[in-house]
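Peer 1: File follows, start21.txt with compact mmCIF, C-alpha atoms:
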```
# COMPACT_ATOMS: atom_id res chain seq x y z
CA MET A 1 26.75 -22.59 -5.96
CA GLY A 2 25.32 -19.06 -5.89
CA ARG A 3 22.03 -20.37 -7.26
CA LEU A 4 21.96 -23.08 -4.59
CA ARG A 5 22.47 -20.52 -1.83
CA THR A 6 19.68 -18.33 -3.26
CA ALA A 7 17.34 -21.29 -3.45
CA ALA A 8 18.16 -22.22 0.15
CA VAL A 9 17.37 -18.71 1.38
CA PHE A 10 13.98 -18.70 -0.32
CA CYS A 11 13.16 -22.18 0.99
CA VAL A 12 13.87 -21.03 4.54
CA LEU A 13 11.79 -17.89 4.02
CA ALA A 14 8.89 -19.96 2.66
CA LEU A 15 8.99 -22.22 5.71
CA VAL A 16 8.95 -19.21 8.05
CA LEU A 17 6.01 -17.59 6.23
CA ALA A 18 4.06 -20.84 6.34
CA VAL A 19 4.01 -20.90 10.15
CA PRO A 20 0.52 -19.88 11.39
CA SER A 21 0.44 -16.68 13.38
CA PRO A 22 -0.69 -16.58 17.02
CA ALA A 23 -3.79 -14.63 15.93
CA GLN A 24 -5.01 -17.63 13.94
CA THR A 25 -7.25 -19.68 16.20
CA THR A 26 -8.73 -22.06 13.62
CA PRO A 27 -6.53 -23.17 10.71
CA ALA A 28 -7.96 -23.49 7.22
CA THR A 29 -8.33 -27.14 6.20
CA ALA A 30 -9.08 -29.08 3.06
CA ASN A 31 -12.52 -29.86 4.54
CA ALA A 32 -13.39 -26.21 5.20
CA ALA A 33 -15.94 -26.25 2.36
CA LYS A 34 -17.97 -28.89 4.25
CA GLN A 35 -18.00 -27.14 7.62
CA ILE A 36 -21.28 -25.63 8.86
CA THR A 37 -21.08 -22.81 11.41
CA ILE A 38 -23.87 -20.75 12.94
CA ILE A 39 -22.92 -17.35 14.34
CA ARG A 40 -25.56 -15.72 16.50
CA ALA A 41 -25.68 -12.45 18.44
CA ALA A 42 -28.13 -10.04 20.02
CA GLN A 43 -27.90 -7.56 17.12
CA LEU A 44 -26.95 -7.49 13.46
CA LEU A 45 -26.34 -4.20 11.66
CA ASP A 46 -27.52 -4.03 8.06
CA VAL A 47 -24.85 -1.62 6.80
CA ARG A 48 -26.84 -0.73 3.69
CA ASP A 49 -29.64 1.08 5.47
CA GLY A 50 -28.68 1.17 9.16
CA ARG A 51 -31.36 -1.23 10.38
CA VAL A 52 -30.39 -3.02 13.59
CA LEU A 53 -32.00 -6.47 13.60
CA ALA A 54 -32.43 -8.32 16.90
CA ASN A 55 -31.46 -11.94 17.62
CA GLN A 56 -30.04 -12.76 14.22
CA ALA A 57 -27.83 -15.59 13.04
CA ILE A 58 -25.53 -16.18 10.08
CA LEU A 59 -25.31 -19.65 8.59
CA VAL A 60 -21.84 -20.25 7.15
CA GLU A 61 -21.04 -23.16 4.85
CA GLY A 62 -17.39 -23.47 3.97
CA ASP A 63 -16.09 -20.01 3.06
CA ARG A 64 -19.48 -18.51 2.13
CA ILE A 65 -22.59 -17.16 3.83
CA ARG A 66 -25.50 -19.48 3.13
CA GLN A 67 -28.27 -17.71 5.01
CA VAL A 68 -28.95 -14.78 7.34
CA GLY A 69 -32.06 -14.55 9.48
CA PRO A 70 -33.70 -14.97 12.89
CA ALA A 71 -31.47 -17.08 15.13
CA ALA A 72 -34.23 -19.33 16.44
CA GLY A 73 -35.21 -20.52 12.97
CA ILE A 74 -31.65 -21.07 11.73
CA VAL A 75 -30.58 -22.96 14.86
CA THR A 76 -33.70 -25.14 14.74
CA GLU A 77 -33.23 -26.02 11.07
CA PHE A 78 -29.46 -26.32 10.84
CA GLY A 79 -28.18 -26.60 14.42
CA ARG A 80 -27.72 -30.38 14.52
CA GLY A 81 -24.11 -31.12 13.65
CA ALA A 82 -23.21 -27.46 13.21
CA THR A 83 -20.72 -25.46 15.23
CA VAL A 84 -22.72 -22.75 17.02
CA VAL A 85 -20.89 -19.57 18.04
CA ASP A 86 -23.04 -17.57 20.46
CA LEU A 87 -21.66 -14.05 20.78
CA GLY A 88 -24.25 -12.88 23.30
CA ASN A 89 -24.89 -9.15 23.53
CA SER A 90 -22.70 -8.23 20.55
CA THR A 91 -23.39 -6.59 17.20
CA LEU A 92 -22.61 -8.49 13.99
CA LEU A 93 -21.10 -6.63 11.04
CA PRO A 94 -19.49 -7.51 7.71
CA GLY A 95 -15.72 -7.88 7.69
CA LEU A 96 -14.11 -4.43 7.60
CA ILE A 97 -12.14 -3.00 4.67
CA ASP A 98 -9.12 -0.67 4.94
CA CYS A 99 -8.74 1.00 1.54
CA HIS A 100 -5.46 2.81 2.22
CA ASN A 101 -2.58 1.18 3.99
CA HIS A 102 1.03 0.12 3.52
CA ILE A 103 1.68 -3.46 4.55
CA LEU A 104 5.45 -3.86 4.48
CA GLY A 105 8.07 -2.96 7.06
CA ASN A 106 8.05 -1.70 10.63
CA PRO A 107 5.35 0.98 11.05
CA LYS A 108 6.96 2.16 14.26
CA ASP A 109 10.10 3.30 12.43
CA GLN A 110 9.25 6.60 10.74
CA SER A 111 12.78 7.62 9.86
CA SER A 112 13.39 8.61 6.24
CA THR A 113 15.94 5.80 5.79
CA ALA A 114 13.81 3.01 7.31
CA ASP A 115 13.27 1.21 4.00
CA LEU A 116 16.96 1.43 3.13
CA ARG A 117 17.93 -0.37 6.35
CA MET A 118 15.65 -3.37 5.82
CA SER A 119 15.87 -6.09 3.18
CA SER A 120 12.89 -7.02 1.07
CA PRO A 121 12.49 -10.43 2.80
CA GLN A 122 12.57 -8.73 6.21
CA GLN A 123 9.97 -6.19 5.08
CA ALA A 124 7.74 -9.05 3.93
CA LEU A 125 8.06 -10.79 7.30
CA TRP A 126 7.08 -7.56 9.00
CA GLY A 127 4.20 -7.38 6.54
CA LEU A 128 2.96 -10.82 7.57
CA HIS A 129 3.10 -9.71 11.20
CA ASN A 130 1.22 -6.50 10.39
CA LEU A 131 -1.50 -8.38 8.53
CA GLN A 132 -2.32 -10.37 11.67
CA ILE A 133 -2.93 -7.10 13.49
CA TRP A 134 -5.37 -5.95 10.80
CA LEU A 135 -7.22 -9.24 11.15
CA ALA A 136 -7.39 -8.96 14.94
CA HIS A 137 -9.09 -5.56 14.50
CA GLY A 138 -11.70 -7.06 12.17
CA PHE A 139 -10.22 -5.91 8.85
CA THR A 140 -10.61 -8.89 6.57
CA SER A 141 -9.80 -7.02 3.34
CA LEU A 142 -7.17 -4.42 2.53
CA ARG A 143 -5.99 -2.24 -0.33
CA ASP A 144 -2.24 -1.68 -0.20
CA ALA A 145 -1.65 1.85 -1.49
CA GLY A 146 1.84 1.17 -2.81
CA GLU A 147 5.28 0.32 -1.49
CA SER A 148 8.90 1.26 -2.16
CA ASP A 149 9.97 -2.40 -2.32
CA LEU A 150 11.22 -3.10 -5.85
CA ALA A 151 10.69 -6.84 -5.24
CA TYR A 152 6.95 -6.28 -4.67
CA GLY A 153 6.72 -8.02 -1.30
CA GLN A 154 3.11 -6.88 -0.93
CA LEU A 155 2.17 -8.76 -4.09
CA ALA A 156 3.98 -11.86 -2.82
CA LEU A 157 1.94 -11.68 0.38
CA ARG A 158 -1.29 -11.16 -1.57
CA ASN A 159 -0.54 -14.18 -3.73
CA SER A 160 0.52 -16.32 -0.77
CA ILE A 161 -2.74 -15.56 1.03
CA ASN A 162 -4.73 -16.40 -2.10
CA GLN A 163 -2.84 -19.70 -2.37
CA GLU A 164 -3.42 -20.44 1.34
CA LEU A 165 0.32 -20.61 2.03
CA VAL A 166 -0.20 -18.09 4.85
CA GLN A 167 -3.21 -16.54 6.56
CA GLY A 168 -4.16 -12.89 6.30
CA PRO A 169 -6.76 -10.45 4.99
CA ARG A 170 -7.58 -10.63 1.29
CA ILE A 171 -5.54 -8.00 -0.48
CA VAL A 172 -5.77 -5.87 -3.58
CA SER A 173 -2.63 -3.86 -4.11
CA ALA A 174 -0.82 -1.15 -5.96
CA GLY A 175 2.76 -1.72 -7.04
CA ASN A 176 5.47 0.89 -6.50
CA PHE A 177 4.78 4.57 -5.98
CA ILE A 178 5.07 6.29 -9.37
CA SER A 179 6.81 9.59 -8.71
CA LEU A 180 8.96 12.35 -10.12
CA THR A 181 12.64 12.31 -9.32
CA GLY A 182 12.84 13.97 -5.92
CA GLY A 183 9.10 13.67 -5.45
CA HIS A 184 7.07 12.14 -2.66
CA GLY A 185 7.64 8.61 -3.96
CA ASP A 186 11.40 8.91 -4.51
CA ALA A 187 12.82 6.53 -1.89
CA ASP A 188 16.34 7.99 -2.05
CA PRO A 189 16.84 10.65 0.67
CA LEU A 190 20.65 10.45 0.50
CA ALA A 191 23.18 13.18 -0.28
CA PRO A 192 24.06 13.70 -3.98
CA ASP A 193 27.45 12.02 -3.66
CA GLN A 194 25.84 8.99 -1.96
CA ALA A 195 22.82 8.66 -4.25
CA LEU A 196 21.26 5.28 -5.06
CA PRO A 197 20.94 4.02 -8.64
CA ARG A 198 17.86 5.47 -10.32
CA ARG A 199 14.79 3.38 -9.55
CA PRO A 200 12.26 2.22 -12.16
CA ASN A 201 9.28 3.84 -10.40
CA LEU A 202 10.56 7.34 -11.21
CA ALA A 203 9.01 9.10 -14.20
CA ASP A 204 9.94 12.60 -15.32
CA ASN A 205 8.06 12.63 -18.63
CA VAL A 206 5.15 10.92 -20.36
CA GLY A 207 7.29 8.18 -21.88
CA GLU A 208 8.83 7.24 -18.57
CA ILE A 209 5.47 7.09 -16.84
CA GLY A 210 4.32 4.57 -19.41
CA ASP A 211 7.34 2.42 -18.59
CA ALA A 212 6.66 2.64 -14.85
CA VAL A 213 2.96 1.78 -15.19
CA ARG A 214 3.67 -1.16 -17.48
CA ARG A 215 6.27 -2.51 -15.07
CA ASP A 216 3.74 -2.52 -12.23
CA ILE A 217 1.17 -4.24 -14.44
CA LYS A 218 3.77 -6.77 -15.60
CA TYR A 219 4.50 -7.86 -12.05
CA GLY A 220 0.86 -8.12 -11.01
CA ALA A 221 -0.33 -4.83 -9.47
CA ASP A 222 -4.11 -4.47 -9.14
CA TRP A 223 -3.92 -0.68 -8.86
CA ILE A 224 -1.50 1.98 -10.06
CA LYS A 225 -0.42 4.52 -7.44
CA LEU A 226 0.51 8.01 -8.64
CA MET A 227 2.10 10.77 -6.61
CA ALA A 228 0.17 13.81 -7.85
CA THR A 229 1.62 16.10 -5.18
CA GLY A 230 4.29 16.23 -2.56
CA GLY A 231 3.57 14.77 0.85
CA VAL A 232 4.33 14.85 4.54
CA MET A 233 6.29 11.70 5.34
CA ASP A 234 9.49 12.57 3.49
CA PRO A 235 12.14 15.22 4.17
CA THR A 236 12.10 16.99 0.79
CA SER A 237 8.74 17.34 -1.00
CA ASP A 238 6.16 20.11 -0.60
CA PHE A 239 2.62 18.80 -0.10
CA ASN A 240 1.18 21.92 -1.76
CA VAL A 241 3.13 21.43 -5.00
CA GLN A 242 1.82 19.42 -7.94
CA GLU A 243 4.44 16.86 -8.99
CA LEU A 244 3.30 14.57 -11.83
CA SER A 245 1.80 16.59 -14.69
CA GLU A 246 -1.78 16.17 -15.79
CA GLU A 247 -0.52 14.76 -19.10
CA GLN A 248 1.57 12.14 -17.26
CA MET A 249 -1.35 11.13 -15.07
CA ALA A 250 -3.72 10.94 -18.05
CA LYS A 251 -1.28 8.60 -19.80
CA ALA A 252 -1.06 6.44 -16.67
CA VAL A 253 -4.86 6.24 -16.52
CA GLU A 254 -5.09 5.37 -20.21
CA ILE A 255 -2.61 2.50 -19.90
CA ALA A 256 -4.02 1.21 -16.60
CA HIS A 257 -7.66 1.31 -17.65
CA ARG A 258 -6.85 -0.42 -20.92
CA ALA A 259 -5.32 -3.20 -18.83
CA ARG A 260 -8.44 -3.17 -16.60
CA LYS A 261 -6.53 -1.77 -13.65
CA LYS A 262 -7.58 1.17 -11.50
CA VAL A 263 -5.58 4.25 -10.53
CA MET A 264 -5.24 6.02 -7.19
CA ALA A 265 -3.51 9.34 -6.72
CA HIS A 266 -1.82 10.65 -3.59
CA ALA A 267 -3.00 14.25 -3.74
CA GLU A 268 -2.85 16.77 -0.92
CA GLY A 269 -2.31 20.13 -2.65
CA THR A 270 -5.24 21.79 -4.42
CA ASP A 271 -3.73 21.95 -7.93
CA GLY A 272 -2.62 18.32 -7.85
CA ILE A 273 -6.04 17.13 -6.71
CA LYS A 274 -7.79 18.81 -9.62
CA ALA A 275 -5.19 17.72 -12.17
CA ALA A 276 -5.51 14.10 -11.03
CA VAL A 277 -9.31 14.22 -11.21
CA ARG A 278 -9.24 15.74 -14.70
CA ALA A 279 -6.77 13.03 -15.71
CA GLY A 280 -9.37 10.41 -14.79
CA VAL A 281 -8.00 8.71 -11.67
CA ASP A 282 -10.40 6.47 -9.81
CA SER A 283 -9.63 7.70 -6.29
CA ILE A 284 -7.99 10.63 -4.56
CA GLU A 285 -6.00 9.70 -1.47
CA HIS A 286 -6.00 12.27 1.37
CA GLY A 287 -7.39 15.30 -0.51
CA THR A 288 -6.39 17.48 2.42
CA MET A 289 -6.47 20.81 0.53
CA LEU A 290 -9.62 20.12 -1.48
CA ASP A 291 -11.37 23.32 -2.57
CA GLU A 292 -14.87 24.05 -3.91
CA GLU A 293 -13.84 23.66 -7.53
CA GLY A 294 -12.09 20.38 -6.81
CA ALA A 295 -15.02 18.99 -4.85
CA THR A 296 -17.42 19.95 -7.64
CA LEU A 297 -15.15 18.25 -10.17
CA MET A 298 -14.90 15.07 -8.09
CA GLN A 299 -18.67 14.99 -7.67
CA SER A 300 -19.29 15.37 -11.40
CA LYS A 301 -16.79 12.65 -12.33
CA GLY A 302 -17.72 10.26 -9.51
CA THR A 303 -14.15 10.22 -8.20
CA TRP A 304 -13.70 8.47 -4.86
CA LEU A 305 -12.07 10.08 -1.83
CA VAL A 306 -10.11 8.17 0.81
CA PRO A 307 -9.51 10.96 3.34
CA THR A 308 -7.23 9.23 5.92
CA LEU A 309 -8.04 11.84 8.57
CA TYR A 310 -6.58 10.10 11.61
CA THR A 311 -3.06 9.54 10.31
CA PHE A 312 -2.37 13.28 10.11
CA GLN A 313 -3.87 13.87 13.55
CA HIS A 314 -1.88 10.99 15.02
CA GLY A 315 1.32 12.10 13.31
CA VAL A 316 1.24 15.43 15.08
CA GLU A 317 0.56 13.68 18.41
CA VAL A 318 3.50 11.31 17.95
CA GLY A 319 5.83 14.05 16.75
CA THR A 320 9.42 12.90 16.22
CA SER A 321 9.31 10.15 18.87
CA LEU A 322 9.34 7.37 16.21
CA GLY A 323 12.22 8.83 14.25
CA ALA A 324 10.40 11.18 11.89
CA ASP A 325 12.39 14.21 10.73
CA ALA A 326 11.58 17.56 12.31
CA VAL A 327 10.66 18.93 8.87
CA THR A 328 8.11 16.13 8.51
CA LEU A 329 6.48 17.10 11.79
CA GLU A 330 6.25 20.72 10.70
CA LYS A 331 4.65 19.72 7.41
CA GLY A 332 2.17 17.57 9.32
CA LYS A 333 1.16 20.49 11.50
CA LYS A 334 0.60 22.72 8.47
CA VAL A 335 -1.40 20.24 6.42
CA LEU A 336 -3.58 19.41 9.43
CA GLY A 337 -4.81 22.99 9.36
CA TYR A 338 -6.50 22.38 6.01
CA GLN A 339 -8.07 19.03 6.84
CA GLN A 340 -11.44 19.93 8.34
CA ALA A 341 -12.39 22.50 5.71
CA ALA A 342 -11.61 20.02 2.93
CA PHE A 343 -13.57 17.20 4.57
CA THR A 344 -16.55 19.49 5.14
CA LEU A 345 -16.55 20.24 1.40
CA ALA A 346 -16.38 16.52 0.62
CA LEU A 347 -19.46 15.89 2.75
CA LYS A 348 -21.28 18.90 1.31
CA HIS A 349 -20.77 17.55 -2.22
CA HIS A 350 -21.73 13.99 -1.20
CA LEU A 351 -18.47 12.56 -2.50
CA LYS A 352 -18.06 8.81 -2.47
CA ILE A 353 -15.89 8.15 0.57
CA ALA A 354 -14.07 4.96 1.55
CA TYR A 355 -12.24 4.15 4.78
CA GLY A 356 -8.44 4.23 4.90
CA VAL A 357 -6.13 4.63 7.86
CA ASP A 358 -2.63 5.02 6.29
CA ASP A 359 -1.10 4.36 9.70
CA ASP A 360 0.29 1.69 11.99
CA PRO A 361 -2.29 -1.16 12.03
CA ASP A 362 -2.42 -0.93 15.81
CA TYR A 363 -4.50 2.22 15.16
CA VAL A 364 -6.56 0.98 12.23
CA SER A 365 -9.88 1.39 14.10
CA LYS A 366 -9.20 5.02 15.02
CA GLU A 367 -10.31 6.36 11.64
CA PHE A 368 -13.94 5.65 12.61
CA GLY A 369 -13.80 8.24 15.37
CA ALA A 370 -11.95 10.71 13.16
CA LEU A 371 -14.60 10.45 10.43
CA VAL A 372 -17.40 11.04 12.94
CA ARG A 373 -15.57 13.98 14.54
CA GLY A 374 -15.14 15.33 11.01
CA GLY A 375 -18.90 15.36 10.41
CA MET A 376 -19.99 11.88 9.31
CA GLN A 377 -22.76 9.99 11.03
CA PRO A 378 -21.63 6.70 12.67
CA LEU A 379 -23.47 4.67 10.03
CA GLU A 380 -21.72 6.57 7.24
CA ALA A 381 -18.32 5.88 8.81
CA ILE A 382 -19.14 2.17 9.08
CA GLN A 383 -20.40 2.14 5.49
CA ALA A 384 -17.09 3.65 4.38
CA ALA A 385 -15.35 0.56 5.78
CA THR A 386 -17.88 -1.97 4.46
CA VAL A 387 -20.30 -1.46 1.59
CA ARG A 388 -18.48 1.63 0.22
CA GLY A 389 -15.07 0.04 0.53
CA SER A 390 -16.19 -3.03 -1.38
CA GLU A 391 -17.60 -0.80 -4.12
CA LEU A 392 -14.31 1.09 -4.49
CA LEU A 393 -12.39 -2.17 -4.76
CA GLY A 394 -14.82 -3.62 -7.30
CA LEU A 395 -15.72 -6.46 -4.93
CA SER A 396 -19.34 -5.64 -4.07
CA ASP A 397 -20.45 -9.08 -5.22
CA GLN A 398 -18.03 -10.77 -2.80
CA ILE A 399 -17.63 -8.67 0.38
CA GLY A 400 -18.98 -5.59 2.17
CA THR A 401 -22.39 -6.85 3.34
CA LEU A 402 -23.74 -9.91 5.15
CA ASP A 403 -25.58 -11.54 2.25
CA ALA A 404 -26.02 -15.12 1.10
CA GLY A 405 -23.40 -16.12 -1.45
CA LYS A 406 -20.76 -13.65 -0.29
CA TYR A 407 -17.58 -14.56 1.53
CA ALA A 408 -18.15 -15.38 5.19
CA ASP A 409 -16.30 -12.30 6.43
CA VAL A 410 -17.98 -11.57 9.76
CA VAL A 411 -16.99 -9.46 12.75
CA ALA A 412 -18.70 -8.70 16.03
CA VAL A 413 -18.19 -5.69 18.26
CA SER A 414 -19.13 -5.21 21.87
CA GLY A 415 -21.83 -2.57 22.15
CA ASP A 416 -23.84 -0.52 19.65
CA PRO A 417 -21.59 1.33 17.16
CA LEU A 418 -24.47 3.51 15.95
CA ALA A 419 -24.87 4.90 19.47
CA ASP A 420 -21.13 5.09 20.17
CA ILE A 421 -18.65 4.79 17.29
CA GLN A 422 -15.94 3.85 19.81
CA ALA A 423 -17.54 0.41 19.87
CA MET A 424 -15.65 -0.23 16.63
CA ASP A 425 -12.50 -0.39 18.78
CA ASN A 426 -13.94 -3.38 20.65
CA VAL A 427 -13.88 -6.19 18.08
CA VAL A 428 -14.53 -9.49 19.89
CA PHE A 429 -14.96 -11.89 16.96
CA VAL A 430 -13.36 -12.16 13.53
CA MET A 431 -14.09 -14.64 10.75
CA LYS A 432 -12.59 -14.37 7.29
CA GLY A 433 -13.76 -16.73 4.57
CA GLY A 434 -15.28 -19.14 7.09
CA VAL A 435 -12.12 -19.36 9.21
CA VAL A 436 -12.25 -17.98 12.76
CA PHE A 437 -9.32 -15.77 13.69
CA LYS A 438 -10.59 -14.24 16.92
CA MET A 439 -13.04 -15.35 19.61
CA PRO A 440 -14.24 -13.50 22.71
CA ALA A 441 -11.92 -13.84 25.68
CA GLN A 442 -13.00 -16.53 28.15
CA LYS A 443 -14.40 -15.10 31.38
```
If you convert what's in this file into structure tokens, what do you get?
Peer 2:
Amino acid sequence: MGRLRTAAVFCVLALVLAVPSPAQTTPATANAAKQITIIRAAQLLDVRDGRVLANQAILVEGDRIRQVGPAAGIVTEFGRGATVVDLGNSTLLPGLIDCHNHILGNPKDQSSTADLRMSSPQQALWGLHNLQIWLAHGFTSLRDAGESDLAYGQLALRNSINQELVQGPRIVSAGNFISLTGGHGDADPLAPDQALPRRPNLADNVGEIGDAVRRDIKYGADWIKLMATGGVMDPTSDFNVQELSEEQMAKAVEIAHRARKKVMAHAEGTDGIKAAVRAGVDSIEHGTMLDEEGATLMQSKGTWLVPTLYTFQHGVEVGTSLGADAVTLEKGKKVLGYQQAAFTLALKHHLKIAYGVDDDPDYVSKEFGALVRGGMQPLEAIQAATVRGSELLGLSDQIGTLDAGKYADVVAVSGDPLADIQAMDNVVFVMKGGVVFKMPAQK
């Protein structure tokens, strides 16, 4: 009987997840591969070199781009029988890529016990809701930077999208946060006499980190997420303190790379950043206390940086209004003081930088402005969310530019984002894999 009840619960959940979201305007169909769509607009931005091409069109066949070129020629040759989407005085761009986010749960609950008050199925349902918001903002691909959910709801969502059970951005994902006991990825904030059973993502020595990495790989993680230092959004850790040892992180990298997985490291404090880079991680997340030695090391090793500037700025603005602990707010204020100097060093050393917001998806477009305020040119900020993001994720042959043969991930913004980066807030059209999710509002 217990098995029957469990099966019934999962059947109901599957039916709920299969319902298309309101953001989906054109459902995927079995005949999608035969559909021909022409998308035309006044401008197209070539994100590789910053050229703005006038009166261009994109010919989409099924889920792929077939041709890009002058609109007049494409419409003349292929217009008969095709669906033509005329976006007027808009700028066409590749689908955007957020390389640091957390899909599951309610992003507007920042209390330290939020995850403990929500079941895994409920977190996944919130995740499906959140994914529609990313799509509406033009983000057609995401990298989930780890979750506390021991049932791996983010991987279930990734797989369900790949199987076309539900609609959402394409996802690559880390598993659980691999952390020291009491570290930034320890999801138990309770008193010692109320403590939760020890979780399998905790690793206090080299042997335990091997177990944690292998568990993530076993259950399908694309990336391994390490907590190299303490962080801000917890009531106990110190962002300036290195947590996992260099030896532990090197072992994690060895195991992950052997399994052809990549490794990202949450690293805010200076010592933890350098230890993670020496250990061979593929990307540093945040890097908010990066120093000259660390930047030089990252440059020499080709380590990526995902700086997530806006989330720290926004966190201080929001304060404790969403339930964050007062100690979290104070940590946020302190770490924000290091941010600009570190980012200036990253630009000076020409580090490889990818876009990541690490915040409520309602604010996913705000990182563009933060990157430009921090010293990037508008084109560089857009590249971080397109061609650079695809390179970090190992998907350059599939996404990141508007080229024939790649997925038909296309967005349009109102205005010229090279003249005013705030135009990236005004996404008027979204297509992912040949399916339209957002059209301009009817006037």
Peer 1: For the atom pair atom CA of A:Leu157 and atom CA of A:Leu104, what is the interatomic distance in Å to one decimal place?
Peer 2: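 So the two atoms, atom CA of A:Leu157 and atom CA of A:Leu104, lie 9.5 Å apart.
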Peer 1: Contacts between stretch 258-265 of chain A and stretch 205-249 of chain A, please, where a residue of stretch 205-249 of chain A counts if it comes within 8 Å (with all atoms listed in the file); show its shortest atom pair and distance in Å to one decimal, rows by chain and ascending number, as JSON lines.
Peer 2:
```
{"residue": "A:Ile217", "atom": "CA", "partner": "A:Ala259", "partner_atom": "CA", "distance": 7.9}
{"residue": "A:Asp222", "atom": "CA", "partner": "A:Lys261", "partner_atom": "CA", "distance": 5.8}
{"residue": "A:Trp223", "atom": "CA", "partner": "A:Lys262", "partner_atom": "CA", "distance": 4.9}
{"residue": "A:Ile224", "atom": "CA", "partner": "A:Val263", "partner_atom": "CA", "distance": 4.7}
{"residue": "A:Lys225", "atom": "CA", "partner": "A:Met264", "partner_atom": "CA", "distance": 5.1}
{"residue": "A:Leu226", "atom": "CA", "partner": "A:Ala265", "partner_atom": "CA", "distance": 4.6}
{"residue": "A:Met227", "atom": "CA", "partner": "A:Ala265", "partner_atom": "CA", "distance": 5.8}
{"residue": "A:Ala228", "atom": "CA", "partner": "A:Ala265", "partner_atom": "CA", "distance": 5.9}
```
Peer 1: Just how far from atom CA of A:Leu96 is atom CA of A:Thr140, in Å to one decimal?
Peer 2: 5.8 Å
Peer 1: Kindly extract all protein, DNA and RNA residues lying within 9 Å of the coordinates (-19.4, 6.9, 3.6) given in the file, considering all atoms listed in the file, and supply them as JSON, numbers by chain.
Peer 2: {"A": [350, 351, 352, 353, 354, 355, 376, 377, 379, 380, 381, 382, 383, 384, 385, 387, 388, 389]}
Peer 1: Go through A:Tyr219, A:Phe139, A:Tyr152, A:Phe429 one by one, measure the shortest atom-to-atom distance of each to A:Pro121 using all atoms listed in the file, and give the residue with the smallest value.
Peer 2: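 Answer, going by the shortest atom-to-atom distance: A:Tyr152.
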Peer 1: Would you pick out the contacts of stretch 199-208 of chain A at 7 Å or less, using only C-alpha atoms, so that residues sharing its chain but fewer than 6 positions from it are not included, and give the list as number ranges by chain?
Peer 2: A: 176-181, 186, 247-248, 251
Peer 1: Taking 6 positions as the minimum chain separation for residues in the same chain, which residues sit within 12 Å of A:Ile273 when counting only C-alpha atoms? Answer as a PyMOL selection string.
Peer 2: chain A and resi 226-230+239-246+249+264-267+279-298+303-305+342
Peer 1: Atom CA of A:Asp397 to atom CA of A:Lys348: how many Å, to one decimal?
Peer 2: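 Taking atom CA of A:Asp397 as the start and atom CA of A:Lys348 as the end point, the length is 28.7 Å.
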